[in-house]
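See below for the structure under consideration.
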Amino acid sequence: MIRLKQSLAAWGTPAFNERFKAEIEGLSSELLPLQQGLRQSSCVSGEPFSAMVIGLGEEHGSIRVRSGIFYSGIIAGCNCSDDPTPPDVQAEYCVVEFVIDRETAEATANLLPE
């Protein structure tokens, strides 16, 4: 479950974008739809990712944040004992919409088409 308490507390202030970015970047990549957003590789790498705010909105008791996520994916070899191919890291990007509940700070993360 994603809970963005600091982002909710900063909503409507100049600090929102930075707090949101820091909170998202502190999440496990497993909580985000990064695997579904891969375009150049086959598996999300364990490297850190970064986020940026693209758009903001508010409706029906929720905050909607469109965010660009920059991360890395890998193209792995066959993992055979004699395979000399090291994992190849590729830059990846996807757009994720976060919907934050204004009462609980619980958030969902949905992959958006680019």
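Residue names in the structure tokens use chain letters A, B, ... in the order shown, residue numbers from 1 in each chain, and ligand numbers from 1 in the order shown.
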* To do: Find the spatial neighbours of A:Leu27, counting only C-alpha atoms, within a cut-off of 10 Å - ignore same-chain residues fewer than 5 positions away - and output them as a list in words.
  =>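 That gives Ile2, Arg3, Leu4, Ala22, Leu32, Pro48 and Phe49 of chain A.
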Name all residues at most 12 Å from A:Glu30 (count only C-alpha atoms; drop same-chain ones fewer than 3 positions away) and give them as a PDB file with all heavy atoms, in the first residue's frame.
```
ATOM      1  N   MET A   1       0.841  -1.180   0.000  1.00  0.00           N
ATOM      2  CA  MET A   1       0.000   0.000   0.000  1.00  0.00           C
ATOM      3  C   MET A   1       0.888   1.246   0.000  1.00  0.00           C
ATOM      4  O   MET A   1       1.893   1.303   0.689  1.00  0.00           O
ATOM      5  CB  MET A   1      -0.902  -0.001   1.231  1.00  0.00           C
ATOM      6  CG  MET A   1      -1.690   1.275   1.369  1.00  0.00           C
ATOM      7  SD  MET A   1      -2.590   1.466   2.926  1.00  0.00           S
ATOM      8  CE  MET A   1      -3.543   0.004   2.974  1.00  0.00           C
ATOM      9  N   ILE A   2       0.493   2.209  -0.767  1.00  0.00           N
ATOM     10  CA  ILE A   2       1.218   3.476  -0.833  1.00  0.00           C
ATOM     11  C   ILE A   2       0.470   4.497   0.024  1.00  0.00           C
ATOM     12  O   ILE A   2      -0.730   4.674  -0.119  1.00  0.00           O
ATOM     13  CB  ILE A   2       1.306   3.989  -2.287  1.00  0.00           C
ATOM     14  CG1 ILE A   2       2.023   2.973  -3.174  1.00  0.00           C
ATOM     15  CG2 ILE A   2       1.997   5.348  -2.334  1.00  0.00           C
ATOM     16  CD1 ILE A   2       1.984   3.313  -4.649  1.00  0.00           C
ATOM     17  N   ILE A  24       7.925   9.747  -3.364  1.00  0.00           N
ATOM     18  CA  ILE A  24       7.859   8.740  -4.421  1.00  0.00           C
ATOM     19  C   ILE A  24       9.209   8.047  -4.575  1.00  0.00           C
ATOM     20  O   ILE A  24       9.287   6.826  -4.676  1.00  0.00           O
ATOM     21  CB  ILE A  24       7.405   9.371  -5.759  1.00  0.00           C
ATOM     22  CG1 ILE A  24       5.981   9.896  -5.645  1.00  0.00           C
ATOM     23  CG2 ILE A  24       7.534   8.374  -6.911  1.00  0.00           C
ATOM     24  CD1 ILE A  24       4.950   8.873  -5.219  1.00  0.00           C
ATOM     25  N   GLU A  25      10.276   8.812  -4.577  1.00  0.00           N
ATOM     26  CA  GLU A  25      11.611   8.232  -4.736  1.00  0.00           C
ATOM     27  C   GLU A  25      12.019   7.373  -3.543  1.00  0.00           C
ATOM     28  O   GLU A  25      12.926   6.548  -3.658  1.00  0.00           O
ATOM     29  CB  GLU A  25      12.636   9.332  -4.995  1.00  0.00           C
ATOM     30  CG  GLU A  25      12.450   9.970  -6.362  1.00  0.00           C
ATOM     31  CD  GLU A  25      13.327  11.180  -6.607  1.00  0.00           C
ATOM     32  OE1 GLU A  25      14.066  11.605  -5.695  1.00  0.00           O
ATOM     33  OE2 GLU A  25      13.261  11.720  -7.732  1.00  0.00           O
ATOM     34  N   GLY A  26      11.342   7.528  -2.420  1.00  0.00           N
ATOM     35  CA  GLY A  26      11.603   6.698  -1.243  1.00  0.00           C
ATOM     36  C   GLY A  26      10.834   5.388  -1.233  1.00  0.00           C
ATOM     37  O   GLY A  26      11.056   4.534  -0.385  1.00  0.00           O
ATOM     38  N   LEU A  27       9.923   5.210  -2.193  1.00  0.00           N
ATOM     39  CA  LEU A  27       9.134   3.980  -2.276  1.00  0.00           C
ATOM     40  C   LEU A  27       9.929   2.848  -2.918  1.00  0.00           C
ATOM     41  O   LEU A  27      10.856   3.088  -3.690  1.00  0.00           O
ATOM     42  CB  LEU A  27       7.873   4.205  -3.122  1.00  0.00           C
ATOM     43  CG  LEU A  27       6.822   5.167  -2.597  1.00  0.00           C
ATOM     44  CD1 LEU A  27       5.729   5.369  -3.648  1.00  0.00           C
ATOM     45  CD2 LEU A  27       6.217   4.639  -1.301  1.00  0.00           C
ATOM     46  N   PRO A  33       4.025   0.659 -11.036  1.00  0.00           N
ATOM     47  CA  PRO A  33       3.841  -0.151 -12.245  1.00  0.00           C
ATOM     48  C   PRO A  33       4.990   0.001 -13.251  1.00  0.00           C
ATOM     49  O   PRO A  33       4.764   0.196 -14.447  1.00  0.00           O
ATOM     50  CB  PRO A  33       2.520   0.366 -12.802  1.00  0.00           C
ATOM     51  CG  PRO A  33       2.492   1.800 -12.402  1.00  0.00           C
ATOM     52  CD  PRO A  33       3.139   1.834 -11.037  1.00  0.00           C
ATOM     53  N   LEU A  34       6.218  -0.091 -12.763  1.00  0.00           N
ATOM     54  CA  LEU A  34       7.376   0.117 -13.629  1.00  0.00           C
ATOM     55  C   LEU A  34       7.588  -1.052 -14.594  1.00  0.00           C
ATOM     56  O   LEU A  34       7.975  -0.841 -15.742  1.00  0.00           O
ATOM     57  CB  LEU A  34       8.632   0.353 -12.799  1.00  0.00           C
ATOM     58  CG  LEU A  34       8.582   1.537 -11.829  1.00  0.00           C
ATOM     59  CD1 LEU A  34       9.911   1.688 -11.104  1.00  0.00           C
ATOM     60  CD2 LEU A  34       8.192   2.814 -12.544  1.00  0.00           C
ATOM     61  N   GLN A  35       7.348  -2.265 -14.132  1.00  0.00           N
ATOM     62  CA  GLN A  35       7.526  -3.429 -15.014  1.00  0.00           C
ATOM     63  C   GLN A  35       6.625  -3.317 -16.241  1.00  0.00           C
ATOM     64  O   GLN A  35       7.043  -3.591 -17.356  1.00  0.00           O
ATOM     65  CB  GLN A  35       7.236  -4.723 -14.239  1.00  0.00           C
ATOM     66  CG  GLN A  35       7.471  -5.988 -15.032  1.00  0.00           C
ATOM     67  CD  GLN A  35       8.933  -6.262 -15.342  1.00  0.00           C
ATOM     68  OE1 GLN A  35       9.822  -5.920 -14.581  1.00  0.00           O
ATOM     69  NE2 GLN A  35       9.187  -6.870 -16.484  1.00  0.00           N
ATOM     70  N   GLN A  36       5.389  -2.865 -16.035  1.00  0.00           N
ATOM     71  CA  GLN A  36       4.448  -2.718 -17.143  1.00  0.00           C
ATOM     72  C   GLN A  36       4.843  -1.579 -18.087  1.00  0.00           C
ATOM     73  O   GLN A  36       4.401  -1.548 -19.228  1.00  0.00           O
ATOM     74  CB  GLN A  36       3.027  -2.463 -16.620  1.00  0.00           C
ATOM     75  CG  GLN A  36       2.463  -3.599 -15.814  1.00  0.00           C
ATOM     76  CD  GLN A  36       2.779  -3.492 -14.325  1.00  0.00           C
ATOM     77  OE1 GLN A  36       3.774  -2.899 -13.920  1.00  0.00           O
ATOM     78  NE2 GLN A  36       1.934  -4.076 -13.500  1.00  0.00           N
ATOM     79  N   CYS A  43      13.258  -6.377 -17.699  1.00  0.00           N
ATOM     80  CA  CYS A  43      13.074  -6.453 -16.250  1.00  0.00           C
ATOM     81  C   CYS A  43      13.558  -5.152 -15.599  1.00  0.00           C
ATOM     82  O   CYS A  43      14.573  -4.590 -16.015  1.00  0.00           O
ATOM     83  CB  CYS A  43      13.879  -7.640 -15.724  1.00  0.00           C
ATOM     84  SG  CYS A  43      13.665  -7.973 -13.990  1.00  0.00           S
ATOM     85  N   VAL A  44      12.846  -4.682 -14.593  1.00  0.00           N
ATOM     86  CA  VAL A  44      13.250  -3.475 -13.872  1.00  0.00           C
ATOM     87  C   VAL A  44      14.517  -3.779 -13.076  1.00  0.00           C
ATOM     88  O   VAL A  44      14.599  -4.801 -12.390  1.00  0.00           O
ATOM     89  CB  VAL A  44      12.130  -2.996 -12.924  1.00  0.00           C
ATOM     90  CG1 VAL A  44      12.588  -1.802 -12.092  1.00  0.00           C
ATOM     91  CG2 VAL A  44      10.877  -2.658 -13.710  1.00  0.00           C
ATOM     92  N   SER A  45      15.508  -2.910 -13.182  1.00  0.00           N
ATOM     93  CA  SER A  45      16.745  -3.106 -12.416  1.00  0.00           C
ATOM     94  C   SER A  45      16.530  -2.658 -10.971  1.00  0.00           C
ATOM     95  O   SER A  45      15.533  -2.024 -10.654  1.00  0.00           O
ATOM     96  CB  SER A  45      17.888  -2.301 -13.039  1.00  0.00           C
ATOM     97  OG  SER A  45      17.774  -0.941 -12.699  1.00  0.00           O
ATOM     98  N   GLY A  46      17.462  -2.977 -10.138  1.00  0.00           N
ATOM     99  CA  GLY A  46      17.383  -2.574  -8.743  1.00  0.00           C
ATOM    100  C   GLY A  46      17.950  -1.190  -8.475  1.00  0.00           C
ATOM    101  O   GLY A  46      18.047  -0.767  -7.327  1.00  0.00           O
ATOM    102  N   PRO A  48      18.232   2.929  -8.229  1.00  0.00           N
ATOM    103  CA  PRO A  48      17.270   3.963  -7.825  1.00  0.00           C
ATOM    104  C   PRO A  48      16.593   4.608  -9.034  1.00  0.00           C
ATOM    105  O   PRO A  48      17.152   4.636 -10.132  1.00  0.00           O
ATOM    106  CB  PRO A  48      18.137   5.000  -7.093  1.00  0.00           C
ATOM    107  CG  PRO A  48      19.392   4.285  -6.741  1.00  0.00           C
ATOM    108  CD  PRO A  48      19.582   3.219  -7.777  1.00  0.00           C
ATOM    109  N   PHE A  49      15.398   5.111  -8.820  1.00  0.00           N
ATOM    110  CA  PHE A  49      14.659   5.803  -9.877  1.00  0.00           C
ATOM    111  C   PHE A  49      14.399   7.229  -9.432  1.00  0.00           C
ATOM    112  O   PHE A  49      14.556   7.571  -8.261  1.00  0.00           O
ATOM    113  CB  PHE A  49      13.345   5.075 -10.202  1.00  0.00           C
ATOM    114  CG  PHE A  49      12.398   4.973  -9.040  1.00  0.00           C
ATOM    115  CD1 PHE A  49      11.445   5.943  -8.806  1.00  0.00           C
ATOM    116  CD2 PHE A  49      12.465   3.890  -8.186  1.00  0.00           C
ATOM    117  CE1 PHE A  49      10.573   5.850  -7.738  1.00  0.00           C
ATOM    118  CE2 PHE A  49      11.595   3.772  -7.108  1.00  0.00           C
ATOM    119  CZ  PHE A  49      10.646   4.758  -6.883  1.00  0.00           C
ATOM    120  N   ALA A 109      -1.357   3.950  -7.830  1.00  0.00           N
ATOM    121  CA  ALA A 109      -0.440   4.324  -8.898  1.00  0.00           C
ATOM    122  C   ALA A 109      -0.842   3.570 -10.158  1.00  0.00           C
ATOM    123  O   ALA A 109      -0.864   2.342 -10.161  1.00  0.00           O
ATOM    124  CB  ALA A 109       0.989   3.981  -8.510  1.00  0.00           C
TER     125      ALA A 109
END
```
* Write out as a PyMOL selection string the residues lying within 10 Å of A:Lys21, counting only C-alpha atoms and excluding same-chain residues fewer than 4 positions away. => chain A and resi 7+16-17+25-26+50-53+67+69
Residue selection dump (N, CA and C atoms) as an mmCIF file, in the first residue's frame:
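Dumped to out.cif:
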```
data_model
loop_
_atom_site.group_PDB
_atom_site.id
_atom_site.type_symbol
_atom_site.label_atom_id
_atom_site.label_comp_id
_atom_site.auth_asym_id
_atom_site.auth_seq_id
_atom_site.Cartn_x
_atom_site.Cartn_y
_atom_site.Cartn_z
ATOM 1 N N SER A 7 3.149 14.359 1.290
ATOM 2 C CA SER A 7 2.616 15.033 0.103
ATOM 3 C C SER A 7 1.257 15.640 0.396
ATOM 4 N N PHE A 16 4.974 21.346 -2.293
ATOM 5 C CA PHE A 16 4.336 20.085 -2.686
ATOM 6 C C PHE A 16 5.184 19.270 -3.657
ATOM 7 N N ASN A 17 5.638 19.872 -4.743
ATOM 8 C CA ASN A 17 6.372 19.110 -5.761
ATOM 9 C C ASN A 17 7.605 18.419 -5.184
ATOM 10 N N GLU A 25 10.276 8.812 -4.577
ATOM 11 C CA GLU A 25 11.611 8.232 -4.736
ATOM 12 C C GLU A 25 12.019 7.373 -3.543
ATOM 13 N N GLY A 26 11.342 7.528 -2.420
ATOM 14 C CA GLY A 26 11.603 6.698 -1.243
ATOM 15 C C GLY A 26 10.834 5.388 -1.233
ATOM 16 N N SER A 50 14.026 8.090 -10.381
ATOM 17 C CA SER A 50 13.696 9.466 -10.028
ATOM 18 C C SER A 50 12.335 9.825 -10.611
ATOM 19 N N ALA A 51 11.703 10.801 -9.976
ATOM 20 C CA ALA A 51 10.354 11.212 -10.375
ATOM 21 C C ALA A 51 10.320 12.714 -10.593
ATOM 22 N N MET A 52 9.369 13.132 -11.434
ATOM 23 C CA MET A 52 9.116 14.559 -11.609
ATOM 24 C C MET A 52 7.607 14.750 -11.746
ATOM 25 N N VAL A 53 7.123 15.878 -11.306
ATOM 26 C CA VAL A 53 5.703 16.185 -11.405
ATOM 27 C C VAL A 53 5.438 16.780 -12.780
ATOM 28 N N SER A 67 3.004 11.928 -12.949
ATOM 29 C CA SER A 67 4.425 11.963 -12.662
ATOM 30 C C SER A 67 5.205 11.183 -13.711
ATOM 31 N N ILE A 69 8.438 9.041 -14.443
ATOM 32 C CA ILE A 69 9.371 8.226 -13.668
ATOM 33 C C ILE A 69 10.519 7.806 -14.589
#
```
* To do: Quick one: everything within 9 Å of A:Val89, counting only C-alpha atoms, minus sequence neighbours fewer than 5 positions away in the same chain. Send it as a list in words.
  => Ser41, Ser45, Ser72, Gly73, Ile74, Ile75 and Ala76 of chain A
* To do: Please return as number ranges by chain: the residues of chain A that backbone DSSP assigns to helix (DSSP H, G or I).
  => A: 5-10, 16-25, 29-31, 35-37
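The environment of A:Gly37 within 9 Å, counting only C-alpha atoms and disregarding residues fewer than 3 places along the same chain, consists of Pro33, Leu34, Glu92, Tyr93, Cys94, Val95, Leu111, Leu112 and Pro113 of chain A.
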Those selected residues, please, written with all heavy atoms and delivered as a CSV table (one decimal), in the first residue's frame.
```csv
chain,number,residue,atom,x,y,z
A,33,PRO,N,4.0,0.7,-11.0
A,33,PRO,CA,3.8,-0.2,-12.2
A,33,PRO,C,5.0,0.0,-13.3
A,33,PRO,O,4.8,0.2,-14.4
A,33,PRO,CB,2.5,0.4,-12.8
A,33,PRO,CG,2.5,1.8,-12.4
A,33,PRO,CD,3.1,1.8,-11.0
A,34,LEU,N,6.2,-0.1,-12.8
A,34,LEU,CA,7.4,0.1,-13.6
A,34,LEU,C,7.6,-1.1,-14.6
A,34,LEU,O,8.0,-0.8,-15.7
A,34,LEU,CB,8.6,0.4,-12.8
A,34,LEU,CG,8.6,1.5,-11.8
A,34,LEU,CD1,9.9,1.7,-11.1
A,34,LEU,CD2,8.2,2.8,-12.5
A,92,GLU,N,14.9,3.8,-19.0
A,92,GLU,CA,13.4,3.7,-19.2
A,92,GLU,C,12.7,4.9,-18.6
A,92,GLU,O,13.2,5.6,-17.8
A,92,GLU,CB,12.9,2.4,-18.5
A,92,GLU,CG,13.4,1.1,-19.0
A,92,GLU,CD,12.7,0.6,-20.3
A,92,GLU,OE1,11.8,1.3,-20.8
A,92,GLU,OE2,13.1,-0.4,-20.8
A,93,TYR,N,11.5,5.1,-19.2
A,93,TYR,CA,10.7,6.3,-18.7
A,93,TYR,C,9.2,5.8,-18.9
A,93,TYR,O,8.8,5.2,-19.8
A,93,TYR,CB,10.9,7.5,-19.6
A,93,TYR,CG,10.0,8.6,-19.3
A,93,TYR,CD1,10.2,9.5,-18.2
A,93,TYR,CD2,8.9,8.9,-20.1
A,93,TYR,CE1,9.3,10.5,-18.0
A,93,TYR,CE2,8.0,9.9,-19.9
A,93,TYR,CZ,8.3,10.7,-18.8
A,93,TYR,OH,7.4,11.8,-18.6
A,94,CYS,N,8.4,6.2,-17.9
A,94,CYS,CA,7.0,6.0,-18.0
A,94,CYS,C,6.2,7.1,-17.2
A,94,CYS,O,6.8,7.8,-16.4
A,94,CYS,CB,6.5,4.6,-17.5
A,94,CYS,SG,6.8,4.3,-15.7
A,95,VAL,N,5.0,7.2,-17.5
A,95,VAL,CA,4.1,8.2,-16.9
A,95,VAL,C,3.1,7.5,-16.0
A,95,VAL,O,2.5,6.6,-16.4
A,95,VAL,CB,3.4,9.1,-17.9
A,95,VAL,CG1,2.5,10.1,-17.1
A,95,VAL,CG2,4.3,9.8,-18.8
A,111,LEU,N,-0.3,3.2,-14.4
A,111,LEU,CA,0.5,3.5,-15.6
A,111,LEU,C,-0.4,4.2,-16.6
A,111,LEU,O,-1.5,3.7,-16.9
A,111,LEU,CB,1.1,2.2,-16.2
A,111,LEU,CG,1.9,2.4,-17.4
A,111,LEU,CD1,3.2,3.1,-17.0
A,111,LEU,CD2,2.3,1.0,-18.0
A,112,LEU,N,0.1,5.3,-17.2
A,112,LEU,CA,-0.7,6.0,-18.2
A,112,LEU,C,0.0,5.8,-19.6
A,112,LEU,O,1.2,5.7,-19.6
A,112,LEU,CB,-0.7,7.5,-17.9
A,112,LEU,CG,-1.5,7.9,-16.7
A,112,LEU,CD1,-1.4,9.5,-16.5
A,112,LEU,CD2,-2.9,7.5,-16.7
A,113,PRO,N,-0.8,5.8,-20.7
A,113,PRO,CA,-0.2,5.7,-22.0
A,113,PRO,C,0.5,7.1,-22.2
A,113,PRO,O,0.0,8.1,-21.8
A,113,PRO,CB,-1.3,5.5,-22.9
A,113,PRO,CG,-2.5,6.0,-22.2
A,113,PRO,CD,-2.2,5.8,-20.7
```
* To do: Report the residues of chain A whose backbone DSSP state falls under strand (DSSP E or B), written as an NGL selection string.
  => :A and (2-3 or 43-44 or 50-59 or 62-75 or 88-101 or 106-112)
Store the residues picked out above, limited to C-alpha atoms, as a short mmCIF file (atom, residue, chain, number, x, y, z; two decimals), in the first residue's frame.
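Dumped everything to selection.cif:
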```
data_model
loop_
_atom_site.label_atom_id
_atom_site.label_comp_id
_atom_site.auth_asym_id
_atom_site.auth_seq_id
_atom_site.Cartn_x
_atom_site.Cartn_y
_atom_site.Cartn_z
CA ILE A 2 1.22 3.48 -0.83
CA ARG A 3 0.61 6.20 1.73
CA CYS A 43 13.07 -6.45 -16.25
CA VAL A 44 13.25 -3.48 -13.87
CA SER A 50 13.70 9.47 -10.03
CA ALA A 51 10.35 11.21 -10.37
CA MET A 52 9.12 14.56 -11.61
CA VAL A 53 5.70 16.18 -11.40
CA ILE A 54 4.08 16.70 -14.81
CA GLY A 55 0.58 17.76 -13.79
CA LEU A 56 -1.67 18.30 -10.78
CA GLY A 57 -5.41 18.19 -10.24
CA GLU A 58 -8.02 17.82 -7.55
CA GLU A 59 -11.45 16.18 -7.68
CA SER A 62 -8.66 13.19 -4.09
CA ILE A 63 -5.49 14.71 -5.47
CA ARG A 64 -4.31 13.55 -8.90
CA VAL A 65 -0.62 13.81 -9.74
CA ARG A 66 0.79 12.86 -13.13
CA SER A 67 4.42 11.96 -12.66
CA GLY A 68 7.24 11.05 -15.03
CA ILE A 69 9.37 8.23 -13.67
CA PHE A 70 12.94 7.75 -14.91
CA TYR A 71 14.34 4.31 -14.12
CA SER A 72 16.53 1.53 -15.47
CA GLY A 73 15.68 -1.83 -16.93
CA ILE A 74 17.94 -4.72 -17.81
CA ILE A 75 18.21 -7.07 -20.72
CA ASP A 88 22.69 -4.72 -20.16
CA VAL A 89 21.17 -1.68 -18.40
CA GLN A 90 18.75 0.48 -20.43
CA ALA A 91 17.22 3.85 -19.56
CA GLU A 92 13.43 3.68 -19.19
CA TYR A 93 10.68 6.26 -18.72
CA CYS A 94 6.97 5.99 -18.00
CA VAL A 95 4.13 8.23 -16.86
CA VAL A 96 2.27 7.23 -13.70
CA GLU A 97 -0.83 8.86 -12.26
CA PHE A 98 -1.05 8.88 -8.47
CA VAL A 99 -4.47 9.37 -6.92
CA ILE A 100 -4.13 10.43 -3.28
CA ASP A 101 -7.12 10.20 -0.94
CA GLU A 106 -3.62 6.32 0.67
CA ALA A 107 -2.61 6.42 -2.97
CA THR A 108 -2.95 4.31 -6.07
CA ALA A 109 -0.44 4.32 -8.90
CA ASN A 110 -1.65 3.72 -12.46
CA LEU A 111 0.48 3.53 -15.60
CA LEU A 112 -0.68 6.02 -18.24
#
```
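Note that the spacing between atom CA of A:Thr104 and atom CA of A:Glu18 amounts to 20.3 Å.
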* Pairwise distance for atom CA of A:Gly61 and atom CA of A:Leu8, rounded to one decimal in Å ->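 Pair atom CA of A:Gly61 / atom CA of A:Leu8 returns 11.6 Å.
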